[in-house]
$ cat start_11.pdb   # PDB, C-alpha atoms and all ligand atoms
MODEL        1
ATOM      1  CA  MET C  27       0.000   0.000   0.000
ATOM      2  CA  ARG C  28       1.346   3.387  -0.922
ATOM      3  CA  PHE C  29       0.295   6.928  -0.031
ATOM      4  CA  ASP C  30       1.701   9.876  -1.963
ATOM      5  CA  ILE C  31       1.317  13.091  -0.038
ATOM      6  CA  LEU C  32       1.195  16.490  -1.717
ATOM      7  CA  THR C  33       2.223  18.975   0.953
ATOM      8  CA  LEU C  34       4.095  22.233   1.384
ATOM      9  CA  PHE C  35       5.316  20.931   4.772
ATOM     10  CA  PRO C  36       6.620  17.362   4.426
ATOM     11  CA  GLU C  37       8.820  17.828   7.506
ATOM     12  CA  LEU C  38       5.700  17.944   9.697
ATOM     13  CA  PHE C  39       5.172  14.246   9.039
ATOM     14  CA  THR C  40       8.578  12.901  10.087
ATOM     15  CA  PRO C  41       8.140  12.748  13.883
ATOM     16  CA  PHE C  42       4.780  11.000  13.578
ATOM     17  CA  LEU C  43       5.941   8.408  11.090
ATOM     18  CA  SER C  44       9.158   7.583  12.951
ATOM     19  CA  ASN C  45       7.795   7.200  16.487
ATOM     20  CA  GLY C  46       5.358   5.020  18.348
ATOM     21  CA  ILE C  47       3.872   1.670  17.514
ATOM     22  CA  ASN C  48       2.967   2.610  13.931
ATOM     23  CA  ARG C  49       6.627   3.206  13.059
ATOM     24  CA  ARG C  50       6.815  -0.491  12.147
ATOM     25  CA  ALA C  51       4.221  -0.114   9.429
ATOM     26  CA  PHE C  52       6.020   2.849   7.862
ATOM     27  CA  GLU C  53       9.591   1.619   8.280
ATOM     28  CA  SER C  54       8.820  -1.836   6.912
ATOM     29  CA  GLY C  55       7.149  -0.266   3.878
ATOM     30  CA  GLN C  56       3.893  -2.049   4.717
ATOM     31  CA  VAL C  57       2.455   1.451   4.446
ATOM     32  CA  GLU C  58       4.766   3.273   2.054
ATOM     33  CA  VAL C  59       4.634   7.067   2.260
ATOM     34  CA  CYS C  60       6.154   9.385  -0.383
ATOM     35  CA  PHE C  61       6.155  13.173  -0.277
ATOM     36  CA  TRP C  62       5.701  15.633  -3.081
ATOM     37  CA  ASN C  63       6.125  19.356  -2.494
ATOM     38  CA  PRO C  64       4.214  21.602  -4.919
ATOM     39  CA  ARG C  65       6.980  24.166  -4.390
ATOM     40  CA  ASP C  66       9.348  21.880  -6.312
ATOM     41  CA  PHE C  67       6.997  22.206  -9.262
ATOM     42  CA  ALA C  68       6.518  25.981  -9.058
ATOM     43  CA  ASP C  69       7.864  28.551 -11.514
ATOM     44  CA  GLY C  70      10.274  31.422 -11.061
ATOM     45  CA  GLN C  71      12.970  32.349  -8.656
ATOM     46  CA  TYR C  72      10.550  32.501  -5.734
ATOM     47  CA  ARG C  73       8.789  29.238  -6.546
ATOM     48  CA  ARG C  74       5.440  30.721  -5.780
ATOM     49  CA  VAL C  75       2.692  28.282  -4.878
ATOM     50  CA  ASP C  76      -0.054  30.692  -3.820
ATOM     51  CA  ASP C  77      -1.667  33.864  -5.087
ATOM     52  CA  ARG C  78      -4.415  36.319  -4.202
ATOM     53  CA  PRO C  79      -8.001  35.185  -4.784
ATOM     54  CA  PHE C  80      -9.820  36.482  -7.865
ATOM     55  CA  GLY C  81     -12.682  38.634  -6.688
ATOM     56  CA  GLY C  82     -10.678  39.920  -3.738
ATOM     57  CA  GLY C  83     -10.936  39.054  -0.103
ATOM     58  CA  PRO C  84      -8.501  37.908   2.520
ATOM     59  CA  GLY C  85      -5.897  35.181   2.330
ATOM     60  CA  MET C  86      -4.148  33.332  -0.447
ATOM     61  CA  VAL C  87      -5.140  30.407  -2.658
ATOM     62  CA  MET C  88      -2.909  27.496  -3.699
ATOM     63  CA  MET C  89      -2.274  27.767  -7.434
ATOM     64  CA  VAL C  90      -3.482  25.040  -9.773
ATOM     65  CA  GLU C  91      -0.333  24.727 -11.921
ATOM     66  CA  PRO C  92       2.273  23.689  -9.333
ATOM     67  CA  LEU C  93      -0.303  21.379  -7.786
ATOM     68  CA  SER C  94      -1.259  19.680 -11.033
ATOM     69  CA  ARG C  95       2.395  19.191 -12.057
ATOM     70  CA  CYS C  96       3.090  17.783  -8.611
ATOM     71  CA  LEU C  97       0.169  15.363  -8.938
ATOM     72  CA  GLU C  98       1.343  14.325 -12.389
ATOM     73  CA  ALA C  99       4.792  13.459 -10.979
ATOM     74  CA  ALA C 100       3.278  11.515  -8.074
ATOM     75  CA  ARG C 101       1.043   9.567 -10.440
ATOM     76  CA  ALA C 102       3.946   8.764 -12.774
ATOM     77  CA  ALA C 103       5.974   7.491  -9.818
ATOM     78  CA  ARG C 104       3.077   5.319  -8.661
ATOM     79  CA  GLN C 105       2.751   3.910 -12.134
ATOM     80  CA  ALA C 106       6.492   3.191 -12.361
ATOM     81  CA  ALA C 107       6.288   1.401  -9.018
ATOM     82  CA  ALA C 108       3.133  -0.500 -10.051
ATOM     83  CA  ALA C 109       1.529   0.826  -6.880
ATOM     84  CA  ASP C 110      -2.021   0.604  -8.242
ATOM     85  CA  PRO C 111      -3.892  -2.372  -9.629
ATOM     86  CA  GLU C 112      -3.469  -2.780 -13.401
ATOM     87  CA  GLY C 113      -5.379  -0.130 -15.334
ATOM     88  CA  GLN C 114      -6.545   1.774 -12.252
ATOM     89  CA  ALA C 115      -5.498   5.304 -11.345
ATOM     90  CA  ALA C 116      -4.986   6.043  -7.666
ATOM     91  CA  PRO C 117      -7.794   7.914  -5.913
ATOM     92  CA  VAL C 118      -6.972  11.557  -5.190
ATOM     93  CA  LEU C 119      -8.119  12.519  -1.746
ATOM     94  CA  LEU C 120      -8.327  16.141  -0.662
ATOM     95  CA  PHE C 121      -8.590  17.066   3.000
ATOM     96  CA  SER C 122     -11.242  19.738   3.366
ATOM     97  CA  PRO C 123     -14.066  20.831   5.671
ATOM     98  CA  VAL C 124     -16.305  20.160   2.650
ATOM     99  CA  GLY C 125     -15.529  16.443   2.798
ATOM    100  CA  GLN C 126     -17.175  13.413   4.340
ATOM    101  CA  ARG C 127     -16.212  13.164   7.984
ATOM    102  CA  LEU C 128     -13.550  10.498   8.527
ATOM    103  CA  ASP C 129     -14.821   7.474  10.470
ATOM    104  CA  HIS C 130     -13.900   3.856  11.138
ATOM    105  CA  PRO C 131     -15.598   2.324   8.063
ATOM    106  CA  ALA C 132     -13.775   4.798   5.795
ATOM    107  CA  VAL C 133     -10.434   4.119   7.519
ATOM    108  CA  ALA C 134     -11.028   0.368   7.161
ATOM    109  CA  ARG C 135     -11.716   0.817   3.435
ATOM    110  CA  TRP C 136      -8.479   2.787   2.927
ATOM    111  CA  ALA C 137      -6.613   0.165   4.988
ATOM    112  CA  ASP C 138      -7.875  -2.440   2.556
ATOM    113  CA  SER C 139      -6.866  -0.457  -0.543
ATOM    114  CA  ALA C 140      -3.716   0.077  -2.604
ATOM    115  CA  GLY C 141      -3.449   3.577  -1.111
ATOM    116  CA  ALA C 142      -4.078   6.994  -2.584
ATOM    117  CA  VAL C 143      -2.689  10.404  -3.366
ATOM    118  CA  LEU C 144      -3.418  12.689  -0.402
ATOM    119  CA  VAL C 145      -3.625  16.430  -1.019
ATOM    120  CA  CYS C 146      -3.025  18.798   1.895
ATOM    121  CA  GLY C 147      -4.393  22.291   1.408
ATOM    122  CA  ARG C 148      -3.013  25.431   3.054
ATOM    123  CA  TYR C 149      -3.994  29.096   3.220
ATOM    124  CA  GLU C 150      -7.633  29.673   2.134
ATOM    125  CA  GLY C 151      -7.572  26.379   0.272
ATOM    126  CA  ILE C 152      -6.786  25.343  -3.285
ATOM    127  CA  ASP C 153      -7.941  26.549  -6.705
ATOM    128  CA  GLN C 154     -11.326  24.905  -7.394
ATOM    129  CA  ARG C 155     -10.206  23.894 -10.900
ATOM    130  CA  PHE C 156      -7.751  21.406  -9.380
ATOM    131  CA  ILE C 157     -10.570  19.911  -7.303
ATOM    132  CA  ASP C 158     -12.928  19.706 -10.267
ATOM    133  CA  SER C 159     -10.302  18.097 -12.501
ATOM    134  CA  PHE C 160      -8.579  15.591 -10.244
ATOM    135  CA  VAL C 161     -10.031  15.098  -6.776
ATOM    136  CA  THR C 162     -12.029  11.896  -6.353
ATOM    137  CA  HIS C 163     -12.681  12.031  -2.586
ATOM    138  CA  GLN C 164     -12.894  14.859  -0.052
ATOM    139  CA  VAL C 165     -12.350  14.010   3.595
ATOM    140  CA  SER C 166     -12.896  16.156   6.668
ATOM    141  CA  LEU C 167     -11.596  15.610  10.168
ATOM    142  CA  GLY C 168     -14.616  17.331  11.704
ATOM    143  CA  ASP C 169     -16.630  20.514  11.773
ATOM    144  CA  PHE C 170     -13.784  22.883  12.496
ATOM    145  CA  VAL C 171     -11.089  24.577  10.443
ATOM    146  CA  LEU C 172      -7.457  23.494  10.518
ATOM    147  CA  SER C 173      -4.732  25.668   9.061
ATOM    148  CA  GLY C 174      -3.621  22.844   6.792
ATOM    149  CA  GLY C 175      -4.496  19.341   5.645
ATOM    150  CA  GLU C 176      -1.364  17.768   7.159
ATOM    151  CA  ILE C 177      -2.919  16.917  10.528
ATOM    152  CA  ALA C 178      -5.860  15.315   8.736
ATOM    153  CA  ALA C 179      -3.482  13.307   6.514
ATOM    154  CA  LEU C 180      -1.578  12.173   9.598
ATOM    155  CA  ALA C 181      -4.816  11.148  11.277
ATOM    156  CA  LEU C 182      -5.700   8.977   8.276
ATOM    157  CA  LEU C 183      -2.197   7.456   8.005
ATOM    158  CA  ASP C 184      -2.078   6.733  11.735
ATOM    159  CA  ALA C 185      -5.499   5.115  11.794
ATOM    160  CA  VAL C 186      -4.750   3.044   8.668
ATOM    161  CA  ALA C 187      -1.336   1.890   9.926
ATOM    162  CA  ARG C 188      -2.702   0.492  13.177
ATOM    163  CA  LEU C 189      -5.107  -1.713  11.237
ATOM    164  CA  MET C 190      -2.245  -3.353   9.326
ATOM    165  CA  PRO C 191      -1.616  -6.955  10.353
ATOM    166  CA  GLY C 192       1.159  -7.263  12.930
ATOM    167  CA  VAL C 193       1.564  -3.528  13.592
ATOM    168  CA  LEU C 194       0.121  -3.525  17.084
ATOM    169  CA  GLY C 195       2.204  -5.661  19.438
ATOM    170  CA  ASP C 196      -0.704  -7.772  20.586
ATOM    171  CA  ALA C 197      -2.269  -8.901  17.326
ATOM    172  CA  GLY C 198      -5.762  -8.826  18.833
ATOM    173  CA  SER C 199      -5.368  -5.383  20.294
ATOM    174  CA  HIS C 200      -7.271  -3.343  17.735
ATOM    175  CA  GLN C 201     -10.010  -5.952  17.689
ATOM    176  CA  GLN C 202     -11.020  -4.545  21.063
ATOM    177  CA  ASP C 203     -10.967  -0.935  19.941
ATOM    178  CA  SER C 204     -13.955   1.320  19.666
ATOM    179  CA  PHE C 205     -16.068   1.116  16.489
ATOM    180  CA  ASN C 206     -14.569  -2.230  15.488
ATOM    181  CA  PRO C 207     -17.135  -4.481  13.814
ATOM    182  CA  ALA C 208     -15.511  -7.416  15.674
ATOM    183  CA  LEU C 209     -16.904  -5.795  18.815
ATOM    184  CA  ASP C 210     -20.112  -5.028  16.926
ATOM    185  CA  GLY C 211     -19.057  -1.390  16.701
ATOM    186  CA  LEU C 212     -19.488  -0.482  20.373
ATOM    187  CA  LEU C 213     -17.136   1.932  22.140
ATOM    188  CA  ASP C 214     -14.266   0.462  24.115
ATOM    189  CA  CYS C 215     -14.682  -0.332  27.814
ATOM    190  CA  PRO C 216     -12.694   1.483  30.552
ATOM    191  CA  HIS C 217      -9.234   0.081  31.308
ATOM    192  CA  TYR C 218      -7.275  -0.218  34.559
ATOM    193  CA  THR C 219      -3.708  -1.160  35.429
ATOM    194  CA  ARG C 220      -1.478  -1.313  38.524
ATOM    195  CA  PRO C 221      -1.618  -0.265  41.316
ATOM    196  CA  GLU C 222      -4.665  -2.188  42.506
ATOM    197  CA  VAL C 223      -5.450   0.589  44.958
ATOM    198  CA  TRP C 224      -4.580   4.188  44.149
ATOM    199  CA  GLN C 225      -4.602   6.948  46.747
ATOM    200  CA  GLY C 226      -6.719   9.414  44.792
ATOM    201  CA  PRO C 227      -7.863  12.921  45.793
ATOM    202  CA  ALA C 228     -11.080  11.470  47.267
ATOM    203  CA  GLY C 229      -9.384   8.595  49.114
ATOM    204  CA  PRO C 230      -8.285   5.097  48.111
ATOM    205  CA  GLN C 231      -9.663   3.949  44.761
ATOM    206  CA  GLY C 232      -9.710   0.293  43.774
ATOM    207  CA  VAL C 233     -10.552  -1.325  40.460
ATOM    208  CA  PRO C 234     -13.627  -3.433  39.636
ATOM    209  CA  GLU C 235     -13.190  -6.715  41.570
ATOM    210  CA  VAL C 236     -14.098  -8.909  38.636
ATOM    211  CA  LEU C 237     -10.966  -7.799  36.750
ATOM    212  CA  LEU C 238      -8.835  -9.346  39.520
ATOM    213  CA  SER C 239     -10.826 -12.590  39.578
ATOM    214  CA  GLY C 240      -9.030 -14.384  36.734
ATOM    215  CA  HIS C 241     -12.451 -15.618  35.613
ATOM    216  CA  HIS C 242     -12.291 -15.013  31.858
ATOM    217  CA  ALA C 243     -15.967 -15.450  31.021
ATOM    218  CA  ARG C 244     -17.010 -13.065  33.811
ATOM    219  CA  ILE C 245     -14.350 -10.558  32.790
ATOM    220  CA  GLU C 246     -15.537 -10.706  29.183
ATOM    221  CA  ARG C 247     -19.155 -10.161  30.244
ATOM    222  CA  PHE C 248     -18.129  -7.268  32.508
ATOM    223  CA  ARG C 249     -16.261  -5.615  29.623
ATOM    224  CA  ARG C 250     -19.168  -6.127  27.263
ATOM    225  CA  GLU C 251     -21.549  -4.510  29.761
ATOM    226  CA  ALA C 252     -19.088  -1.665  30.369
ATOM    227  CA  SER C 253     -18.930  -1.110  26.593
ATOM    228  CA  LEU C 254     -22.716  -1.093  26.400
ATOM    229  CA  SER C 255     -22.885   1.403  29.239
ATOM    230  CA  VAL C 256     -20.222   3.726  27.802
ATOM    231  CA  THR C 257     -21.819   3.608  24.359
ATOM    232  CA  ALA C 258     -25.368   4.143  25.653
ATOM    233  CA  ASN C 259     -24.275   7.154  27.681
ATOM    234  CA  ALA C 260     -21.684   8.758  25.450
ATOM    235  CA  ARG C 261     -22.980   7.899  21.968
ATOM    236  CA  PRO C 262     -26.607   6.750  21.879
ATOM    237  CA  ASP C 263     -26.431   7.213  18.087
ATOM    238  CA  VAL C 264     -23.679   4.564  17.892
ATOM    239  CA  LEU C 265     -25.721   2.200  20.083
ATOM    240  CA  ASP C 266     -28.730   2.681  17.784
ATOM    241  CA  ALA C 267     -26.579   1.890  14.749
ATOM    242  CA  VAL C 268     -25.204  -1.253  16.407
ATOM    243  CA  ARG C 269     -28.746  -2.323  17.281
ATOM    244  CA  ALA C 270     -29.969  -1.592  13.744
ATOM    245  CA  HIS C 271     -27.437  -3.962  12.200
ATOM    246  CA  GLY C 272     -28.255  -6.696  14.701
ATOM    247  CA  GLY C 273     -25.133  -6.276  16.834
ATOM    248  CA  LEU C 274     -26.875  -6.584  20.219
ATOM    249  CA  THR C 275     -27.684  -9.961  21.767
ATOM    250  CA  LYS C 276     -30.802 -10.680  23.851
ATOM    251  CA  GLN C 277     -28.550 -10.646  26.901
ATOM    252  CA  ASP C 278     -27.262  -7.176  25.894
ATOM    253  CA  GLU C 279     -30.799  -5.836  25.444
ATOM    254  CA  GLN C 280     -31.857  -7.228  28.793
ATOM    255  CA  TRP C 281     -28.855  -5.657  30.487
ATOM    256  CA  LEU C 282     -29.567  -2.315  28.814
ATOM    257  CA  ARG C 283     -33.233  -2.408  29.939
ATOM    258  CA  GLN C 284     -32.140  -3.052  33.500
ATOM    259  CA  HIS C 285     -29.328  -0.539  33.630
ATOM    260  CA  GLN C 286     -30.220   2.292  31.311
ATOM    261  CA  PRO C 287     -33.174   4.526  32.107
ATOM    262  CA  ALA C 288     -35.783   4.565  29.360
ATOM    263  CA  PRO C 289     -35.846   7.851  27.414
ATOM    264  CA  GLY C 290     -37.705  10.560  29.330
ATOM    265  CA  THR C 291     -37.298   8.829  32.715
ATOM    266  CA  PRO C 292     -36.229  11.350  35.356
ATOM    267  CA  SER C 293     -32.846  10.354  36.772
TER
HETATM  268  N1  LIG Z   1     -11.176  28.393   3.586
HETATM  269  C1  LIG Z   1     -11.396  27.046   4.010
HETATM  270  C2  LIG Z   1     -10.408  26.598   5.042
HETATM  271  C3  LIG Z   1      -9.013  26.464   4.537
HETATM  272  S1  LIG Z   1      -7.952  25.879   5.767
HETATM  273  C4  LIG Z   1     -12.779  26.940   4.609
HETATM  274  O1  LIG Z   1     -13.227  27.910   5.231
HETATM  275  O2  LIG Z   1     -13.420  25.889   4.491
HETATM  276  C5  LIG Z   1      -6.589  25.274   4.846
HETATM  277  C6  LIG Z   1      -6.567  23.797   4.545
HETATM  278  O3  LIG Z   1      -6.651  23.056   5.755
HETATM  279  C7  LIG Z   1      -7.697  23.268   3.689
HETATM  280  O4  LIG Z   1      -7.455  23.468   2.326
HETATM  281  C8  LIG Z   1      -7.724  21.797   4.063
HETATM  282  O5  LIG Z   1      -6.787  21.043   3.297
HETATM  283  C9  LIG Z   1      -7.276  21.813   5.510
HETATM  284  N2  LIG Z   1      -8.416  21.690   6.438
HETATM  285  C10 LIG Z   1      -8.992  22.680   7.133
HETATM  286  N3  LIG Z   1      -9.990  22.223   7.899
HETATM  287  C11 LIG Z   1     -10.053  20.895   7.687
HETATM  288  C12 LIG Z   1     -10.897  19.857   8.187
HETATM  289  N4  LIG Z   1     -11.886  20.105   9.043
HETATM  290  N5  LIG Z   1     -10.681  18.621   7.749
HETATM  291  C13 LIG Z   1      -9.704  18.339   6.856
HETATM  292  N6  LIG Z   1      -8.879  19.289   6.352
HETATM  293  C14 LIG Z   1      -9.045  20.547   6.752
ENDMDL
END

$ encode --input "start_11.pdb" --output "structure tokens" --more "lines below"
Ligand code: SAH
Amino acid sequence: MRFDILTLFPELFTPFLSNGINRRAFESGQVEVCFWNPRDFADGQYRRVDDRPFGGGPGMVMMVEPLSRCLEAARAARQAAAADPEGQAAPVLLFSPVGQRLDHPAVARWADSAGAVLVCGRYEGIDQRFIDSFVTHQVSLGDFVLSGGEIAALALLDAVARLMPGVLGDAGSHQQDSFNPALDGLLDCPHYTRPEVWQGPAGPQGVPEVLLSGHHARIERFRREASLSVTANARPDVLDAVRAHGGLTKQDEQWLRQHQPAPGTPS
């Protein structure tokens, strides 16, 4: 899998790709990442990549020419490396508040793909003609404005890398994560580690007894119920979606009825 990143700030990526558990995926080439700087494809002594917007107004706009030459080079390199399936051009993904909000199913689809060209905007954004001509997907990190697409690209790369086989130390580790279909898409349960008793601000705080019991079936049930509780409280929309695709057992529903107040019930 290969991602080609068009960015004016490739150096922002280095610390994230060379640290932490995901480093394995990037260093082994399991997730190959190549950088392309539109500035290297810009004209003139100053290698200008941005200009004032037609029609006036504040800020600068990334120019279409350096960007399209940069994309052309990235595509040629992908082709030379046979990075895409025969006869298929790589998707071109632009990070933008206009895009579909990134979520687990989308990350899982990218993790199962040959990769893509990722375009990071800066300034007020990029010339619309580039978007109209080349962009196949637009992806947003959420309903807020970043100053560049790099953090969004890193979020996608990070989330994809941890889904790669063998990247997380414990192979089953991401199976337990929030939103994973293996867990029926529920949110993760709370976690505890040593010490068994912690002297907190309100006095000694233990951990749920069952976790110390060594009784695997009871521990599993406790975690399932904790996940149900967290999801019902924090993200009732996620619980509804899990229910709609048949992800809740009779036992789950019974537990929810007993432990979650029905809508409109005063607490
Ligand atoms: N004028 C634009 C914001 C441009 S911010 C607007 O108001 O919508 C500069 C760049 O940051 C964008 O081109 C995009 O690549 C990136 N960016 C900003 N917010 C983002 C978000 N929520 N998700 C993904 N990328 C974002």

$ residues_around --input "start_11.pdb" --residues "region 103-106 of chain C" --least-positions-apart "6" --cutoff "9 Å" --atoms "only C-alpha atoms" --output "ChimeraX atom specification"
/C:28,30,115-116

$ closest_residue --input "start_11.pdb" --among "C:Asp184, C:Glu279, C:Glu150, C:Asp158" --to "ligand LIG 1 (chain Z)" --atoms "all atoms listed in the file"
C:Glu150

$ resolve_selection --input "start_11.pdb" --expression "the PyMOL selection byres (((chain C and resi 48) around 10) and not hetatm)" --output "list in words"
Phe42, Leu43, Ser44, Asn45, Gly46, Ile47, Arg49, Arg50, Ala51, Phe52, Glu53, Val57, Leu183, Asp184, Ala185, Val186, Ala187, Arg188, Leu189, Met190, Val193, Leu194 and Gly195 of chain C

$ residues_around --input "start_11.pdb" --residues "Trp62 (chain C)" --least-positions-apart "5" --cutoff "8 Å" --atoms "all atoms listed in the file" --output "MDAnalysis selection string"
chainID C and resid 30:33 36 96 100

$ closest_atom_pairs --input "start_11.pdb" --of "chain C" --to "ligand LIG 1 (chain Z)" --cutoff "7 Å" --atoms "all atoms listed in the file" --output "CSV"
residue,atom,partner,partner_atom,distance
C:Leu120,CA,Z:LIG1,O5,6.5
C:Phe121,CA,Z:LIG1,N6,4.0
C:Ser122,CA,Z:LIG1,N6,3.8
C:Pro123,CA,Z:LIG1,N4,4.1
C:Val124,CA,Z:LIG1,O2,6.7
C:Cys146,CA,Z:LIG1,O5,4.6
C:Gly147,CA,Z:LIG1,O5,3.3
C:Arg148,CA,Z:LIG1,C5,4.0
C:Tyr149,CA,Z:LIG1,C5,4.9
C:Glu150,CA,Z:LIG1,N1,4.0
C:Gly151,CA,Z:LIG1,O4,3.6
C:Ile152,CA,Z:LIG1,O4,6.0
C:Val165,CA,Z:LIG1,C13,6.0
C:Ser166,CA,Z:LIG1,N5,3.5
C:Leu167,CA,Z:LIG1,N5,4.0
C:Gly168,CA,Z:LIG1,N4,4.7
C:Asp169,CA,Z:LIG1,N4,5.5
C:Phe170,CA,Z:LIG1,N4,4.8
C:Val171,CA,Z:LIG1,N3,3.6
C:Leu172,CA,Z:LIG1,C10,3.8
C:Ser173,CA,Z:LIG1,S1,4.6
C:Gly174,CA,Z:LIG1,O3,3.2
C:Gly175,CA,Z:LIG1,O5,3.7
C:Ala178,CA,Z:LIG1,C13,5.2

$ residues_near_point --input "start_11.pdb" --point "(2.1, 15.6, -8.9)" --cutoff "12 Å" --atoms "only C-alpha atoms" --output "ChimeraX atom specification"
/C:30-33,60-68,90-104,116,118,143-145,156,160

$ atom_distance --input "start_11.pdb" --atom1 "CA of Thr257 (chain C)" --atom2 "CA of Leu212 (chain C)"
6.2 Å

$ decode --input "start_11.pdb" --residues "region 238-245 of chain C" --atoms "all heavy atoms" --output "mmCIF file, in the first residue's frame"
data_model
loop_
_atom_site.group_PDB
_atom_site.id
_atom_site.type_symbol
_atom_site.label_atom_id
_atom_site.label_comp_id
_atom_site.auth_asym_id
_atom_site.auth_seq_id
_atom_site.Cartn_x
_atom_site.Cartn_y
_atom_site.Cartn_z
ATOM 1 N N LEU C 238 -9.914 -8.678 38.769
ATOM 2 C CA LEU C 238 -8.835 -9.346 39.520
ATOM 3 C C LEU C 238 -9.157 -10.822 39.727
ATOM 4 O O LEU C 238 -8.376 -11.551 40.325
ATOM 5 C CB LEU C 238 -8.654 -8.666 40.889
ATOM 6 C CG LEU C 238 -8.491 -7.142 40.851
ATOM 7 C CD1 LEU C 238 -8.454 -6.572 42.266
ATOM 8 C CD2 LEU C 238 -7.220 -6.756 40.102
ATOM 9 N N SER C 239 -10.338 -11.251 39.235
ATOM 10 C CA SER C 239 -10.826 -12.590 39.578
ATOM 11 C C SER C 239 -10.165 -13.698 38.763
ATOM 12 O O SER C 239 -10.179 -14.857 39.162
ATOM 13 C CB SER C 239 -12.343 -12.668 39.347
ATOM 14 O OG SER C 239 -12.598 -12.633 37.944
ATOM 15 N N GLY C 240 -9.606 -13.354 37.608
ATOM 16 C CA GLY C 240 -9.030 -14.384 36.734
ATOM 17 C C GLY C 240 -10.087 -15.223 36.030
ATOM 18 O O GLY C 240 -9.760 -16.179 35.333
ATOM 19 N N HIS C 241 -11.348 -14.858 36.194
ATOM 20 C CA HIS C 241 -12.451 -15.618 35.613
ATOM 21 C C HIS C 241 -12.771 -15.018 34.233
ATOM 22 O O HIS C 241 -13.462 -13.993 34.126
ATOM 23 C CB HIS C 241 -13.650 -15.507 36.556
ATOM 24 C CG HIS C 241 -14.753 -16.478 36.259
ATOM 25 N ND1 HIS C 241 -15.408 -16.492 35.062
ATOM 26 C CD2 HIS C 241 -15.300 -17.462 37.015
ATOM 27 C CE1 HIS C 241 -16.337 -17.434 35.075
ATOM 28 N NE2 HIS C 241 -16.274 -18.047 36.250
ATOM 29 N N HIS C 242 -12.264 -15.656 33.173
ATOM 30 C CA HIS C 242 -12.291 -15.013 31.858
ATOM 31 C C HIS C 242 -13.696 -14.722 31.343
ATOM 32 O O HIS C 242 -13.937 -13.656 30.778
ATOM 33 C CB HIS C 242 -11.505 -15.841 30.844
ATOM 34 C CG HIS C 242 -10.051 -15.845 31.152
ATOM 35 N ND1 HIS C 242 -9.309 -14.681 31.211
ATOM 36 C CD2 HIS C 242 -9.201 -16.844 31.483
ATOM 37 C CE1 HIS C 242 -8.070 -14.962 31.540
ATOM 38 N NE2 HIS C 242 -7.970 -16.276 31.733
ATOM 39 N N ALA C 243 -14.607 -15.664 31.544
ATOM 40 C CA ALA C 243 -15.967 -15.450 31.021
ATOM 41 C C ALA C 243 -16.627 -14.268 31.738
ATOM 42 O O ALA C 243 -17.270 -13.428 31.101
ATOM 43 C CB ALA C 243 -16.801 -16.716 31.202
ATOM 44 N N ARG C 244 -16.408 -14.186 33.063
ATOM 45 C CA ARG C 244 -17.010 -13.065 33.811
ATOM 46 C C ARG C 244 -16.368 -11.740 33.407
ATOM 47 O O ARG C 244 -17.023 -10.706 33.300
ATOM 48 C CB ARG C 244 -16.899 -13.305 35.322
ATOM 49 C CG ARG C 244 -18.016 -14.237 35.829
ATOM 50 C CD ARG C 244 -17.909 -14.514 37.328
ATOM 51 N NE ARG C 244 -17.703 -13.303 38.097
ATOM 52 C CZ ARG C 244 -16.967 -13.229 39.208
ATOM 53 N NH1 ARG C 244 -16.375 -14.317 39.682
ATOM 54 N NH2 ARG C 244 -16.843 -12.099 39.861
ATOM 55 N N ILE C 245 -15.060 -11.786 33.199
ATOM 56 C CA ILE C 245 -14.350 -10.558 32.790
ATOM 57 C C ILE C 245 -14.875 -10.099 31.429
ATOM 58 O O ILE C 245 -15.162 -8.913 31.223
ATOM 59 C CB ILE C 245 -12.825 -10.794 32.738
ATOM 60 C CG1 ILE C 245 -12.294 -11.009 34.160
ATOM 61 C CG2 ILE C 245 -12.113 -9.631 32.061
ATOM 62 C CD1 ILE C 245 -10.848 -11.430 34.234
#
